[in-house]
file upload-v5.cif (mmCIF, C-alpha atoms and all ligand atoms)
data_input
loop_
_atom_site.label_atom_id
_atom_site.label_comp_id
_atom_site.auth_asym_id
_atom_site.auth_seq_id
_atom_site.Cartn_x
_atom_site.Cartn_y
_atom_site.Cartn_z
CA MET A 181 96.84 -183.52 91.14
CA ALA A 182 97.65 -182.74 87.54
CA ALA A 183 98.90 -185.46 85.25
CA GLY A 184 102.63 -185.79 85.42
CA TRP A 185 102.84 -184.48 88.95
CA ASN A 186 104.52 -187.66 90.19
CA GLY A 187 107.39 -187.53 87.76
CA ASP A 188 107.57 -184.19 86.04
CA HIS A 189 109.19 -181.12 87.59
CA VAL A 190 107.63 -178.65 85.19
CA SER A 191 103.96 -179.58 85.10
CA ARG A 192 101.62 -178.02 87.61
CA GLY A 193 101.31 -174.25 87.41
CA ILE A 194 104.28 -173.84 85.07
CA ARG A 195 103.59 -172.39 81.64
CA LYS A 196 105.45 -172.71 78.39
CA GLY A 197 108.46 -170.40 78.31
CA GLY A 198 109.32 -171.17 81.92
CA LYS A 199 106.82 -168.85 83.62
CA ILE A 200 104.76 -169.68 86.67
CA SER A 201 100.99 -169.18 86.59
CA LEU A 202 99.57 -166.35 88.66
CA GLU A 203 97.57 -168.88 90.66
CA ALA A 204 100.57 -171.08 91.50
CA PHE A 205 102.63 -168.01 92.46
CA MET A 206 99.92 -166.61 94.75
CA GLU A 207 99.25 -169.99 96.36
CA ASN A 208 102.84 -171.01 96.90
CA TYR A 209 104.61 -167.76 97.72
CA ASP A 210 102.12 -166.42 100.27
CA PRO A 211 104.13 -166.81 103.52
CA SER A 212 101.00 -166.87 105.72
CA VAL A 213 99.90 -170.32 104.47
CA LEU A 214 101.65 -173.71 104.43
CA PRO A 215 101.28 -175.39 101.03
CA ASN A 216 102.52 -178.94 100.40
CA GLU A 217 104.59 -178.27 97.29
CA THR A 218 107.91 -176.51 96.80
CA TYR A 219 108.44 -174.22 93.83
CA LEU A 220 111.84 -173.04 92.70
CA LEU A 221 112.14 -169.97 90.45
CA TYR A 222 115.68 -169.67 89.20
CA GLU A 223 117.96 -167.30 87.40
CA ILE A 224 121.37 -168.25 86.02
CA LYS A 225 123.88 -165.65 84.82
CA TRP A 226 127.15 -166.53 83.11
CA SER A 227 130.09 -164.14 83.09
CA SER A 228 130.48 -164.70 79.34
CA SER A 229 126.92 -163.74 78.52
CA LYS A 230 124.79 -160.68 79.22
CA LYS A 231 121.56 -162.61 79.12
CA ALA A 232 120.19 -164.31 82.22
CA TRP A 233 118.46 -167.67 81.96
CA GLN A 234 115.22 -167.76 83.95
CA ASN A 235 112.89 -170.67 84.53
CA CYS A 236 110.80 -172.52 87.12
CA CYS A 237 110.37 -176.00 88.51
CA HIS A 238 108.75 -177.71 91.47
CA ASN A 239 109.24 -180.85 93.51
CA THR A 240 107.74 -184.23 92.61
CA LEU A 241 106.74 -186.95 95.04
CA ILE A 242 110.13 -188.59 94.62
CA GLU A 243 112.57 -185.73 94.08
CA HIS A 244 112.98 -182.28 95.62
CA ALA A 245 113.15 -179.30 93.28
CA GLU A 246 116.71 -178.42 94.34
CA ILE A 247 118.02 -181.85 93.30
CA TYR A 248 116.32 -181.55 89.94
CA PHE A 249 118.02 -178.19 89.44
CA LEU A 250 121.48 -179.44 90.45
CA GLU A 251 121.34 -182.72 88.55
CA ASP A 252 119.32 -181.84 85.47
CA VAL A 253 118.91 -178.12 84.82
CA PHE A 254 122.43 -176.97 85.63
CA LYS A 255 124.22 -179.80 83.83
CA LYS A 256 122.29 -179.08 80.64
CA GLN A 257 123.02 -175.36 80.83
CA ARG A 258 126.68 -175.54 81.73
CA SER A 259 129.08 -175.30 78.82
CA ASP A 260 132.44 -173.97 79.99
CA PRO A 261 133.32 -174.88 83.62
CA SER A 262 135.79 -171.96 83.86
CA ASP A 263 132.98 -169.50 83.13
CA HIS A 264 131.85 -167.79 86.34
CA CYS A 265 128.21 -168.37 87.14
CA SER A 266 125.77 -166.61 89.48
CA ILE A 267 122.65 -168.50 90.46
CA THR A 268 119.68 -167.01 92.30
CA TRP A 269 116.86 -169.18 93.59
CA TYR A 270 113.48 -167.93 94.78
CA MET A 271 112.05 -170.84 96.75
CA SER A 272 108.60 -171.20 98.24
CA TRP A 273 110.15 -173.35 101.03
CA SER A 274 113.75 -173.33 102.23
CA PRO A 275 115.91 -176.39 101.40
CA CYS A 276 115.72 -179.38 103.75
CA GLY A 277 118.85 -180.73 105.47
CA ASP A 278 119.39 -183.40 102.80
CA CYS A 279 119.17 -180.88 99.97
CA CYS A 280 121.60 -178.59 101.83
CA ARG A 281 124.09 -181.45 101.82
CA ALA A 282 123.58 -181.94 98.06
CA ILE A 283 124.02 -178.19 97.48
CA ARG A 284 127.30 -178.23 99.45
CA ARG A 285 128.59 -181.13 97.37
CA PHE A 286 127.56 -179.37 94.17
CA LEU A 287 129.31 -176.12 95.13
CA LYS A 288 132.46 -178.01 96.05
CA GLU A 289 132.52 -179.50 92.55
CA GLN A 290 131.67 -176.13 90.96
CA PRO A 291 134.03 -173.55 92.48
CA ASN A 292 133.05 -170.94 89.86
CA VAL A 293 129.43 -170.90 90.94
CA ASN A 294 127.94 -168.61 93.53
CA LEU A 295 124.47 -169.12 94.92
CA VAL A 296 121.93 -166.76 96.49
CA ILE A 297 118.76 -168.31 97.92
CA TYR A 298 115.61 -166.36 98.73
CA VAL A 299 112.96 -168.29 100.67
CA ALA A 300 109.31 -167.43 101.22
CA ARG A 301 109.21 -169.61 104.35
CA LEU A 302 111.39 -171.96 106.39
CA TYR A 303 110.78 -175.69 105.96
CA LEU A 304 110.33 -177.61 109.28
CA HIS A 305 112.33 -174.88 110.93
CA LYS A 306 112.56 -176.55 114.35
CA GLU A 307 114.27 -179.67 113.05
CA GLU A 308 117.95 -179.59 113.89
CA HIS A 309 118.93 -181.33 110.64
CA ASN A 310 117.32 -178.52 108.62
CA ARG A 311 118.72 -175.75 110.84
CA GLN A 312 122.25 -177.13 110.59
CA GLY A 313 121.86 -177.55 106.83
CA LEU A 314 121.09 -173.84 106.38
CA GLN A 315 123.94 -172.84 108.72
CA SER A 316 126.36 -175.00 106.77
CA LEU A 317 125.40 -173.33 103.49
CA VAL A 318 125.98 -169.86 104.90
CA ASN A 319 129.32 -171.05 106.29
CA ILE A 320 130.52 -171.87 102.77
CA GLY A 321 129.40 -168.54 101.34
CA VAL A 322 125.84 -169.16 100.18
CA SER A 323 123.59 -166.19 100.83
CA ILE A 324 120.20 -167.10 102.30
CA ARG A 325 117.50 -164.45 102.74
CA VAL A 326 113.82 -164.37 103.46
CA MET A 327 111.96 -162.97 100.44
CA ASP A 328 111.20 -159.31 101.10
CA LEU A 329 108.78 -157.05 99.23
CA PRO A 330 111.28 -156.07 96.50
CA ALA A 331 111.99 -159.80 95.94
CA TYR A 332 108.26 -160.49 95.57
CA SER A 333 107.96 -157.63 93.18
CA TYR A 334 110.94 -158.89 91.14
CA CYS A 335 109.50 -162.42 90.96
CA TRP A 336 106.15 -161.00 89.93
CA ARG A 337 107.72 -159.06 87.07
CA THR A 338 110.17 -161.76 86.04
CA PHE A 339 108.55 -165.14 86.55
CA VAL A 340 104.76 -164.75 86.58
CA ASN A 341 103.14 -165.54 83.24
CA ASP A 342 102.31 -162.27 81.46
CA GLU A 343 98.92 -163.37 80.20
CA ASP A 344 97.76 -164.09 83.76
CA LYS A 345 98.67 -160.69 85.16
CA ASP A 346 95.87 -158.18 85.60
CA GLU A 347 98.16 -155.39 86.62
CA ASP A 348 101.90 -154.95 86.73
CA ASP A 349 101.89 -153.15 90.02
CA TYR A 350 102.26 -155.96 92.55
CA TRP A 351 102.96 -155.01 96.12
CA PRO A 352 101.88 -157.57 98.75
CA ARG A 353 102.29 -155.30 101.75
CA HIS A 354 100.21 -157.57 103.97
CA PHE A 355 103.07 -160.15 103.83
CA ALA A 356 105.23 -157.85 105.99
CA PRO A 357 104.48 -159.52 109.40
CA TRP A 358 105.33 -162.98 108.08
CA ILE A 359 108.46 -161.68 106.38
CA MET A 360 109.53 -160.25 109.74
CA LEU A 361 108.78 -163.49 111.64
CA TYR A 362 110.62 -165.69 109.17
CA SER A 363 113.54 -163.23 109.06
CA LEU A 364 113.89 -163.40 112.85
CA GLU A 365 113.70 -167.19 112.76
CA LEU A 366 116.33 -167.36 110.02
CA GLN A 367 118.50 -165.14 112.18
CA SER A 368 118.05 -167.51 115.14
CA ILE A 369 119.08 -170.42 112.91
CA LEU A 370 122.17 -168.66 111.57
CA GLN A 371 123.20 -167.45 115.04
CA ASN A 372 122.63 -170.93 116.44
CA ILE A 373 120.25 -169.82 119.17
CA PRO A 374 116.88 -171.40 120.07
CA SER A 375 113.98 -171.09 117.65
CA CYS A 376 111.72 -168.06 118.19
CA LEU A 377 108.90 -168.88 115.77
CA GLU A 378 105.91 -171.00 116.75
CA ILE A 379 103.49 -172.16 114.09
CA SER A 380 100.36 -173.97 115.21
CA THR A 381 97.28 -174.96 113.31
CA GLY A 382 94.23 -173.01 114.37
CA GLU A 383 90.60 -173.47 113.48
CA ASN A 384 89.85 -174.44 109.87
CA GLN A 385 93.51 -175.48 109.48
CA THR A 386 94.59 -171.84 109.39
CA PRO A 387 98.16 -171.59 110.64
CA VAL A 388 98.77 -169.31 113.61
CA PHE A 389 102.20 -167.69 113.87
CA SER A 390 103.70 -166.36 117.06
CA LEU A 391 107.02 -164.99 118.18
CA CYS A 392 108.40 -166.61 121.35
CA VAL A 393 111.46 -164.97 122.82
CA GLU A 394 112.40 -166.82 125.99
CA ASP A 395 115.09 -164.76 127.63
CA ASP A 396 117.16 -161.61 127.41
CA GLN A 397 120.07 -163.35 125.76
CA GLN A 398 117.88 -164.48 122.89
CA LYS A 399 116.30 -161.04 122.67
CA ARG A 400 119.71 -159.37 122.47
CA ALA A 401 120.89 -161.80 119.81
CA LEU A 402 117.83 -161.18 117.68
CA THR A 403 117.95 -157.41 117.96
CA SER A 404 121.73 -157.07 117.66
CA THR A 405 121.66 -156.87 113.90
CA ASN A 406 118.93 -155.80 111.62
CA PRO A 407 117.57 -158.90 109.84
CA ARG A 408 117.23 -156.95 106.60
ZN ZN A 501 115.00 -181.18 100.10
#
call {"tool": "encode", "arguments": {"input": "upload-v5.cif", "output": "structure tokens"}}
result
Amino acid sequence: MAAGWNGDHVSRGIRKGGKISLEAFMENYDPSVLPNETYLLYEIKWSSSKKAWQNCCHNTLIEHAEIYFLEDVFKKQRSDPSDHCSITWYMSWSPCGDCCRAIRRFLKEQPNVNLVIYVARLYLHKEEHNRQGLQSLVNIGVSIRVMDLPAYSYCWRTFVNDEDKDEDDYWPRHFAPWIMLYSLELQSILQNIPSCLEISTGENQTPVFSLCVEDDQQKRALTSTNPR
């Protein structure tokens, strides 16, 4: 663990100028593995300004990255509360149930803010508290999507530290199966039907992902609308 990891939200893998290191991006946004940390790449756009504010943070042992954003980052950036604001998050893990509650409270206090959340993977996706948290965010107008290839490409261009990049052409096609599995699971969460994604730990701690569709009703629900 790097120094400052316990208390600092912008230490490990985050460079000066608010960029994420290539290594931290590759490690934390690969949906086929299950890292312990949560990274949050964010973009804030104000209606009064053409320029978007982009930066990164991660969780600490005592505070989740989302709470740091809501309580520290946003408050420092906000000047005029009547100014409309669009926030986009690119998260390595989806928000937990507790963070979803904090996000709801925040959006209630900030009616001029709209929030779009991209997630590389779903955090403890079988826990009802987390499933209901995500549903409740969508119910109040938050958009939640699994990161697709264009989103990876955008994050690569926008947030990864320039000096670390060997080539600009980043296209992680091999993520496609995991993107599909997580998209179907997100759909099951938002449609309030049983979970369809099983993740078990195989040999050498390698996670094994499988799709488990129990009955025709679940199958119909999952294929009724295209997840993308
Ligand atoms: Zn959380």
call {"tool": "residues_near_ligand", "arguments": {"input": "upload-v5.cif", "ligand": "ligand ZN 501 (chain A)", "cutoff": "7 Å", "atoms": "all atoms listed in the file", "output": "count of residues only"}}
result
7
call {"tool": "residues_around", "arguments": {"input": "upload-v5.cif", "residues": "Glu365 of chain A", "least_positions_apart": "3", "cutoff": "12 Å", "atoms": "all atoms listed in the file", "output": "ChimeraX atom specification"}}
result
/A:301-306,311,314,325-326,358-362,368-379,389-393,398-399,401-403,407
call {"tool": "axis_aligned_box", "arguments": {"input": "upload-v5.cif", "around": "segment 320-335 of chain A", "padding_each_side": "4 Å", "output": "lines of an AutoDock Vina configuration file"}}
result
center_x = 119.2
center_y = -164.0
center_z = 97.2
size_x = 30.6
size_y = 23.8
size_z = 20.5
call {"tool": "closest_residue", "arguments": {"input": "upload-v5.cif", "among": "A:Cys265, A:Ile247, A:Cys335, A:Ile324", "to": "Ser228 of chain A", "atoms": "all atoms listed in the file"}}
result
A:Cys265
call {"tool": "atom_distance", "arguments": {"input": "upload-v5.cif", "atom1": "atom CA of Asn341 of chain A", "atom2": "atom CA of Val190 of chain A"}}
result
14.0 Å
call {"tool": "residues_around", "arguments": {"input": "upload-v5.cif", "residues": "Glu203 of chain A", "least_positions_apart": "3", "cutoff": "8 Å", "atoms": "only C-alpha atoms", "output": "list of chain:residue names"}}
result
A:Gly193, A:Met206, A:Glu207
call {"tool": "closest_residue", "arguments": {"input": "upload-v5.cif", "among": "A:Val299, A:Ala282, A:Ile320, A:Cys237", "to": "Leu220 of chain A", "atoms": "only C-alpha atoms"}}
result
A:Cys237
call {"tool": "residues_around", "arguments": {"input": "upload-v5.cif", "residues": "Lys199 of chain A", "least_positions_apart": "4", "cutoff": "9 Å", "atoms": "all atoms listed in the file", "output": "list in words"}}
result
Gly193, Ile194, Arg195, Leu221, Gln234, Asn235, Cys236, Thr338, Phe339, Val340, Asn341 and Asp342 of chain A
call {"tool": "atom_distance", "arguments": {"input": "upload-v5.cif", "atom1": "atom CA of Tyr332 of chain A", "atom2": "atom CA of Gln385 of chain A"}}
result
25.2 Å
call {"tool": "atom_distance", "arguments": {"input": "upload-v5.cif", "atom1": "atom CA of Tyr334 of chain A", "atom2": "atom CA of Gly197 of chain A"}}
result
17.4 Å
call {"tool": "closest_residue", "arguments": {"input": "upload-v5.cif", "among": "A:Tyr298, A:Trp273, A:Trp351, A:Trp336", "to": "Val213 of chain A", "atoms": "all atoms listed in the file"}}
result
A:Trp273
call {"tool": "closest_residue", "arguments": {"input": "upload-v5.cif", "among": "A:Val318, A:Val253, A:Met271, A:Leu202", "to": "Asp346 of chain A", "atoms": "all atoms listed in the file"}}
result
A:Leu202
call {"tool": "closest_residue", "arguments": {"input": "upload-v5.cif", "among": "A:Glu394, A:Ala300, A:Leu329, A:Gly313", "to": "Ala356 of chain A", "atoms": "only C-alpha atoms"}}
result
A:Leu329
call {"tool": "residues_around", "arguments": {"input": "upload-v5.cif", "residues": "Lys230 of chain A", "least_positions_apart": "4", "cutoff": "12 Å", "atoms": "all atoms listed in the file", "output": "mmCIF file with C-alpha atoms, in the coordinates of the input"}}
result
data_model
loop_
_atom_site.group_PDB
_atom_site.id
_atom_site.type_symbol
_atom_site.label_atom_id
_atom_site.label_comp_id
_atom_site.auth_asym_id
_atom_site.auth_seq_id
_atom_site.Cartn_x
_atom_site.Cartn_y
_atom_site.Cartn_z
ATOM 1 C CA ILE A 224 121.370 -168.250 86.020
ATOM 2 C CA LYS A 225 123.880 -165.650 84.820
ATOM 3 C CA TRP A 226 127.150 -166.530 83.110
ATOM 4 C CA CYS A 265 128.210 -168.370 87.140
ATOM 5 C CA SER A 266 125.770 -166.610 89.480
#
call {"tool": "closest_residue", "arguments": {"input": "upload-v5.cif", "among": "A:Ser272, A:Leu287, A:Ala331, A:Ser404", "to": "Leu214 of chain A", "atoms": "all atoms listed in the file"}}
result
A:Ser272
call {"tool": "residues_around", "arguments": {"input": "upload-v5.cif", "residues": "Ala245 of chain A", "least_positions_apart": "5", "cutoff": "9 Å", "atoms": "all atoms listed in the file", "output": "PDB file with C-alpha atoms, keeping the file's coordinate frame"}}
result
ATOM      1  CA  HIS A 189     109.190-181.120  87.590  1.00  0.00           C
ATOM      2  CA  THR A 218     107.910-176.510  96.800  1.00  0.00           C
ATOM      3  CA  TYR A 219     108.440-174.220  93.830  1.00  0.00           C
ATOM      4  CA  LEU A 220     111.840-173.040  92.700  1.00  0.00           C
ATOM      5  CA  CYS A 237     110.370-176.000  88.510  1.00  0.00           C
ATOM      6  CA  HIS A 238     108.750-177.710  91.470  1.00  0.00           C
ATOM      7  CA  ASN A 239     109.240-180.850  93.510  1.00  0.00           C
ATOM      8  CA  THR A 240     107.740-184.230  92.610  1.00  0.00           C
ATOM      9  CA  LEU A 250     121.480-179.440  90.450  1.00  0.00           C
TER      10      LEU A 250
END
call {"tool": "decode", "arguments": {"input": "upload-v5.cif", "residues": "segment 189-218 of chain A", "atoms": "N, CA and C atoms", "output": "PDB file, in the first residue's frame"}}
result
ATOM      1  N   HIS A 189      -7.584  10.385  -0.842  1.00  0.00           N
ATOM      2  CA  HIS A 189      -8.356   9.857  -1.970  1.00  0.00           C
ATOM      3  C   HIS A 189      -7.656  10.022  -3.320  1.00  0.00           C
ATOM      4  N   VAL A 190      -6.558  10.725  -3.332  1.00  0.00           N
ATOM      5  CA  VAL A 190      -5.879  10.933  -4.621  1.00  0.00           C
ATOM      6  C   VAL A 190      -4.405  10.556  -4.513  1.00  0.00           C
ATOM      7  N   SER A 191      -4.141   9.377  -3.982  1.00  0.00           N
ATOM      8  CA  SER A 191      -2.745   8.960  -3.870  1.00  0.00           C
ATOM      9  C   SER A 191      -2.420   7.902  -4.913  1.00  0.00           C
ATOM     10  N   ARG A 192      -2.773   6.688  -4.641  1.00  0.00           N
ATOM     11  CA  ARG A 192      -2.314   5.551  -5.426  1.00  0.00           C
ATOM     12  C   ARG A 192      -2.802   5.585  -6.869  1.00  0.00           C
ATOM     13  N   GLY A 193      -1.857   5.602  -7.784  1.00  0.00           N
ATOM     14  CA  GLY A 193      -2.195   5.501  -9.212  1.00  0.00           C
ATOM     15  C   GLY A 193      -2.790   6.760  -9.805  1.00  0.00           C
ATOM     16  N   ILE A 194      -2.828   7.857  -9.026  1.00  0.00           N
ATOM     17  CA  ILE A 194      -3.369   9.100  -9.587  1.00  0.00           C
ATOM     18  C   ILE A 194      -2.239  10.117  -9.687  1.00  0.00           C
ATOM     19  N   ARG A 195      -2.082  10.637 -10.907  1.00  0.00           N
ATOM     20  CA  ARG A 195      -0.967  11.532 -11.216  1.00  0.00           C
ATOM     21  C   ARG A 195      -1.383  12.990 -11.021  1.00  0.00           C
ATOM     22  N   LYS A 196      -0.378  13.822 -11.009  1.00  0.00           N
ATOM     23  CA  LYS A 196      -0.659  15.271 -10.965  1.00  0.00           C
ATOM     24  C   LYS A 196      -1.499  15.656 -12.182  1.00  0.00           C
ATOM     25  N   GLY A 197      -2.387  16.606 -12.013  1.00  0.00           N
ATOM     26  CA  GLY A 197      -3.251  17.000 -13.122  1.00  0.00           C
ATOM     27  C   GLY A 197      -4.498  16.132 -13.213  1.00  0.00           C
ATOM     28  N   GLY A 198      -4.679  15.272 -12.220  1.00  0.00           N
ATOM     29  CA  GLY A 198      -5.927  14.509 -12.148  1.00  0.00           C
ATOM     30  C   GLY A 198      -6.055  13.373 -13.132  1.00  0.00           C
ATOM     31  N   LYS A 199      -4.921  12.820 -13.581  1.00  0.00           N
ATOM     32  CA  LYS A 199      -4.972  11.672 -14.504  1.00  0.00           C
ATOM     33  C   LYS A 199      -4.664  10.390 -13.737  1.00  0.00           C
ATOM     34  N   ILE A 200      -5.188   9.298 -14.257  1.00  0.00           N
ATOM     35  CA  ILE A 200      -4.932   8.000 -13.640  1.00  0.00           C
ATOM     36  C   ILE A 200      -3.761   7.342 -14.388  1.00  0.00           C
ATOM     37  N   SER A 201      -2.932   6.615 -13.658  1.00  0.00           N
ATOM     38  CA  SER A 201      -1.811   5.940 -14.324  1.00  0.00           C
ATOM     39  C   SER A 201      -2.348   4.814 -15.196  1.00  0.00           C
ATOM     40  N   LEU A 202      -1.592   4.498 -16.220  1.00  0.00           N
ATOM     41  CA  LEU A 202      -1.974   3.401 -17.118  1.00  0.00           C
ATOM     42  C   LEU A 202      -2.172   2.116 -16.318  1.00  0.00           C
ATOM     43  N   GLU A 203      -1.241   1.873 -15.397  1.00  0.00           N
ATOM     44  CA  GLU A 203      -1.282   0.651 -14.597  1.00  0.00           C
ATOM     45  C   GLU A 203      -2.560   0.574 -13.752  1.00  0.00           C
ATOM     46  N   ALA A 204      -2.899   1.664 -13.074  1.00  0.00           N
ATOM     47  CA  ALA A 204      -4.093   1.666 -12.223  1.00  0.00           C
ATOM     48  C   ALA A 204      -5.357   1.506 -13.077  1.00  0.00           C
ATOM     49  N   PHE A 205      -5.359   2.122 -14.264  1.00  0.00           N
ATOM     50  CA  PHE A 205      -6.528   1.997 -15.137  1.00  0.00           C
ATOM     51  C   PHE A 205      -6.705   0.548 -15.598  1.00  0.00           C
ATOM     52  N   MET A 206      -5.599  -0.044 -16.069  1.00  0.00           N
ATOM     53  CA  MET A 206      -5.665  -1.430 -16.562  1.00  0.00           C
ATOM     54  C   MET A 206      -6.075  -2.384 -15.448  1.00  0.00           C
ATOM     55  N   GLU A 207      -5.508  -2.198 -14.267  1.00  0.00           N
ATOM     56  CA  GLU A 207      -5.794  -3.105 -13.152  1.00  0.00           C
ATOM     57  C   GLU A 207      -7.228  -2.968 -12.659  1.00  0.00           C
ATOM     58  N   ASN A 208      -7.716  -1.746 -12.608  1.00  0.00           N
ATOM     59  CA  ASN A 208      -8.996  -1.524 -11.936  1.00  0.00           C
ATOM     60  C   ASN A 208     -10.202  -1.498 -12.850  1.00  0.00           C
ATOM     61  N   TYR A 209      -9.985  -1.309 -14.144  1.00  0.00           N
ATOM     62  CA  TYR A 209     -11.134  -1.240 -15.055  1.00  0.00           C
ATOM     63  C   TYR A 209     -11.273  -2.487 -15.931  1.00  0.00           C
ATOM     64  N   ASP A 210     -10.430  -3.490 -15.692  1.00  0.00           N
ATOM     65  CA  ASP A 210     -10.586  -4.763 -16.399  1.00  0.00           C
ATOM     66  C   ASP A 210     -11.739  -5.519 -15.720  1.00  0.00           C
ATOM     67  N   PRO A 211     -12.875  -5.727 -16.426  1.00  0.00           N
ATOM     68  CA  PRO A 211     -14.045  -6.314 -15.759  1.00  0.00           C
ATOM     69  C   PRO A 211     -13.902  -7.807 -15.461  1.00  0.00           C
ATOM     70  N   SER A 212     -12.834  -8.442 -15.952  1.00  0.00           N
ATOM     71  CA  SER A 212     -12.689  -9.889 -15.745  1.00  0.00           C
ATOM     72  C   SER A 212     -11.987 -10.224 -14.431  1.00  0.00           C
ATOM     73  N   VAL A 213     -11.508  -9.195 -13.713  1.00  0.00           N
ATOM     74  CA  VAL A 213     -10.858  -9.437 -12.422  1.00  0.00           C
ATOM     75  C   VAL A 213     -11.613  -8.679 -11.328  1.00  0.00           C
ATOM     76  N   LEU A 214     -11.294  -8.957 -10.074  1.00  0.00           N
ATOM     77  CA  LEU A 214     -12.061  -8.390  -8.957  1.00  0.00           C
ATOM     78  C   LEU A 214     -11.119  -7.668  -7.983  1.00  0.00           C
ATOM     79  N   PRO A 215     -10.668  -6.471  -8.341  1.00  0.00           N
ATOM     80  CA  PRO A 215      -9.734  -5.762  -7.450  1.00  0.00           C
ATOM     81  C   PRO A 215     -10.426  -5.255  -6.177  1.00  0.00           C
ATOM     82  N   ASN A 216      -9.613  -4.922  -5.171  1.00  0.00           N
ATOM     83  CA  ASN A 216     -10.174  -4.505  -3.881  1.00  0.00           C
ATOM     84  C   ASN A 216     -10.544  -3.026  -3.826  1.00  0.00           C
ATOM     85  N   GLU A 217      -9.945  -2.211  -4.679  1.00  0.00           N
ATOM     86  CA  GLU A 217     -10.187  -0.780  -4.585  1.00  0.00           C
ATOM     87  C   GLU A 217     -11.297  -0.327  -5.541  1.00  0.00           C
ATOM     88  N   THR A 218     -11.808   0.853  -5.274  1.00  0.00           N
ATOM     89  CA  THR A 218     -12.763   1.471  -6.205  1.00  0.00           C
ATOM     90  C   THR A 218     -12.185   2.795  -6.694  1.00  0.00           C
TER      91      THR A 218
END
